[in-house]
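Student: Got a structure for you, questions after.
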Amino acid sequence: MPVFESTEKMYQVLGQLFRTLLADPEMGPKFRDSGIVIRFQITQPNGEIWLTPDGQVHCGAPEGIKPTVTMSLGGDTCHRFWLKQVSMPVALAKGLIKAKGPLPKVLKLLPLLKPAYQAYPEIAASFGLET
């Protein structure tokens, strides 16, 4: 059974994570300054989450926005990534995460993800997910 029992649950958990990340006093401004639009295309359950440089988190496909980078991955891989059980380089090499777009731009943001790694276990647990 997938970690996220429904698309709605995935949107609740990951939406909270990304809103927390974009509100972080260090990460938020750096992400906004990057000008990157990230589209997470997630399967099992199916859904999309978009992060835009204006600090918005869109659960579902927004109108009129083009992604800079699209990250395609399964819900379980996403959950494991935020728990630091799988690294981005390993996931990319194994095909667990597929990236489309100028990946060097996104890789530059990886060191800024510390607040997300710190916040995710508590957020996931608050929604009843195993951490």
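In the structure tokens, each chain is lettered A, B, ... as it comes, each chain's residues begin at 1, and ligands are numbered from 1 in order of appearance.
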Taking the DSSP secondary structure from the backbone, can you list the residues of stretch 26-112 of chain A that are strand (DSSP E), as a list in words?
Tutor: Ile38, Arg39, Phe40, Gln41, Ile42, Thr43, Gly47, Glu48, Ile49, Trp50, Leu51, Val57, His58, Cys59, Val69, Thr70, Met71, Ser72, Leu73, Gly74, Ile97, Lys98, Ala99 and Lys100 of chain A
Student: From a DSSP calculation on the backbone, collect every residue of chain A in alpha helix (DSSP H) and output the set as a PyMOL selection string.
Tutor: chain A and resi 7-23+27-34+75-82+88-94+103-107+114-126
Student: Within 7 Å of A:Ala99, counting only C-alpha atoms, which residues qualify if same-chain residues fewer than 5 places away don't, as JSON, numbers by chain?
Tutor: {"A": [69, 70, 71, 72]}
Student: Restricting the output to C-alpha atoms, write the selected residues as a compact mmCIF listing (two decimals), in the first residue's frame.
Tutor:
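The result, written out as again-v1.txt:
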```txt
# COMPACT_ATOMS: atom_id res chain seq x y z
CA VAL A 69 12.25 21.78 -14.00
CA THR A 70 9.94 18.76 -13.76
CA MET A 71 10.75 16.12 -11.19
CA SER A 72 8.87 12.85 -11.75
```
Student: Fewer than 2 positions away in the same chain doesn't count, so skip those; otherwise give me all residues within 12 Å of A:Ser126, counting only C-alpha atoms, as a PyMOL selection string.
Tutor: chain A and resi 9+12-13+16-17+119-124+128-131
Student: Taking 4 positions as the minimum chain separation for residues in the same chain, which residues sit within 8 Å of stretch 18-26 of chain A when counting only C-alpha atoms? Answer as a PDB file with N, CA and C atoms, in the first residue's frame.
Tutor:
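What ended up in part.pdb:
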```pdb
ATOM      1  N   LEU A  14       2.501  17.145   1.616  1.00  0.00           N
ATOM      2  CA  LEU A  14       3.562  17.821   0.866  1.00  0.00           C
ATOM      3  C   LEU A  14       3.280  19.309   0.712  1.00  0.00           C
ATOM      4  N   LYS A  30      15.889  32.609  -0.946  1.00  0.00           N
ATOM      5  CA  LYS A  30      16.826  32.041  -1.922  1.00  0.00           C
ATOM      6  C   LYS A  30      16.082  31.319  -3.043  1.00  0.00           C
ATOM      7  N   PHE A  31      14.993  30.616  -2.687  1.00  0.00           N
ATOM      8  CA  PHE A  31      14.206  29.962  -3.735  1.00  0.00           C
ATOM      9  C   PHE A  31      13.560  31.011  -4.637  1.00  0.00           C
ATOM     10  N   LEU A  51       5.955  24.592  -7.319  1.00  0.00           N
ATOM     11  CA  LEU A  51       6.526  25.658  -6.501  1.00  0.00           C
ATOM     12  C   LEU A  51       6.925  26.782  -7.446  1.00  0.00           C
ATOM     13  N   GLY A  55       6.621  32.339  -4.337  1.00  0.00           N
ATOM     14  CA  GLY A  55       6.418  31.727  -3.027  1.00  0.00           C
ATOM     15  C   GLY A  55       5.134  30.936  -2.905  1.00  0.00           C
ATOM     16  N   GLN A  56       4.501  30.624  -4.032  1.00  0.00           N
ATOM     17  CA  GLN A  56       3.234  29.892  -4.010  1.00  0.00           C
ATOM     18  C   GLN A  56       3.459  28.386  -4.162  1.00  0.00           C
ATOM     19  N   VAL A  57       2.603  27.619  -3.521  1.00  0.00           N
ATOM     20  CA  VAL A  57       2.562  26.171  -3.657  1.00  0.00           C
ATOM     21  C   VAL A  57       1.215  25.840  -4.292  1.00  0.00           C
ATOM     22  N   LEU A 112      20.157  23.960   0.526  1.00  0.00           N
ATOM     23  CA  LEU A 112      19.201  24.801   1.236  1.00  0.00           C
ATOM     24  C   LEU A 112      18.006  24.016   1.771  1.00  0.00           C
ATOM     25  N   LEU A 113      17.996  22.708   1.554  1.00  0.00           N
ATOM     26  CA  LEU A 113      16.833  21.905   1.934  1.00  0.00           C
ATOM     27  C   LEU A 113      16.841  21.458   3.389  1.00  0.00           C
ATOM     28  N   PRO A 115      16.041  22.889   6.166  1.00  0.00           N
ATOM     29  CA  PRO A 115      14.786  23.117   6.900  1.00  0.00           C
ATOM     30  C   PRO A 115      13.687  22.116   6.536  1.00  0.00           C
ATOM     31  N   ALA A 116      13.651  21.672   5.277  1.00  0.00           N
ATOM     32  CA  ALA A 116      12.633  20.695   4.872  1.00  0.00           C
ATOM     33  C   ALA A 116      12.912  19.343   5.498  1.00  0.00           C
ATOM     34  N   ALA A 119      11.816  19.574   9.047  1.00  0.00           N
ATOM     35  CA  ALA A 119      10.374  19.723   9.257  1.00  0.00           C
ATOM     36  C   ALA A 119       9.566  18.495   8.845  1.00  0.00           C
TER      37      ALA A 119
END
```
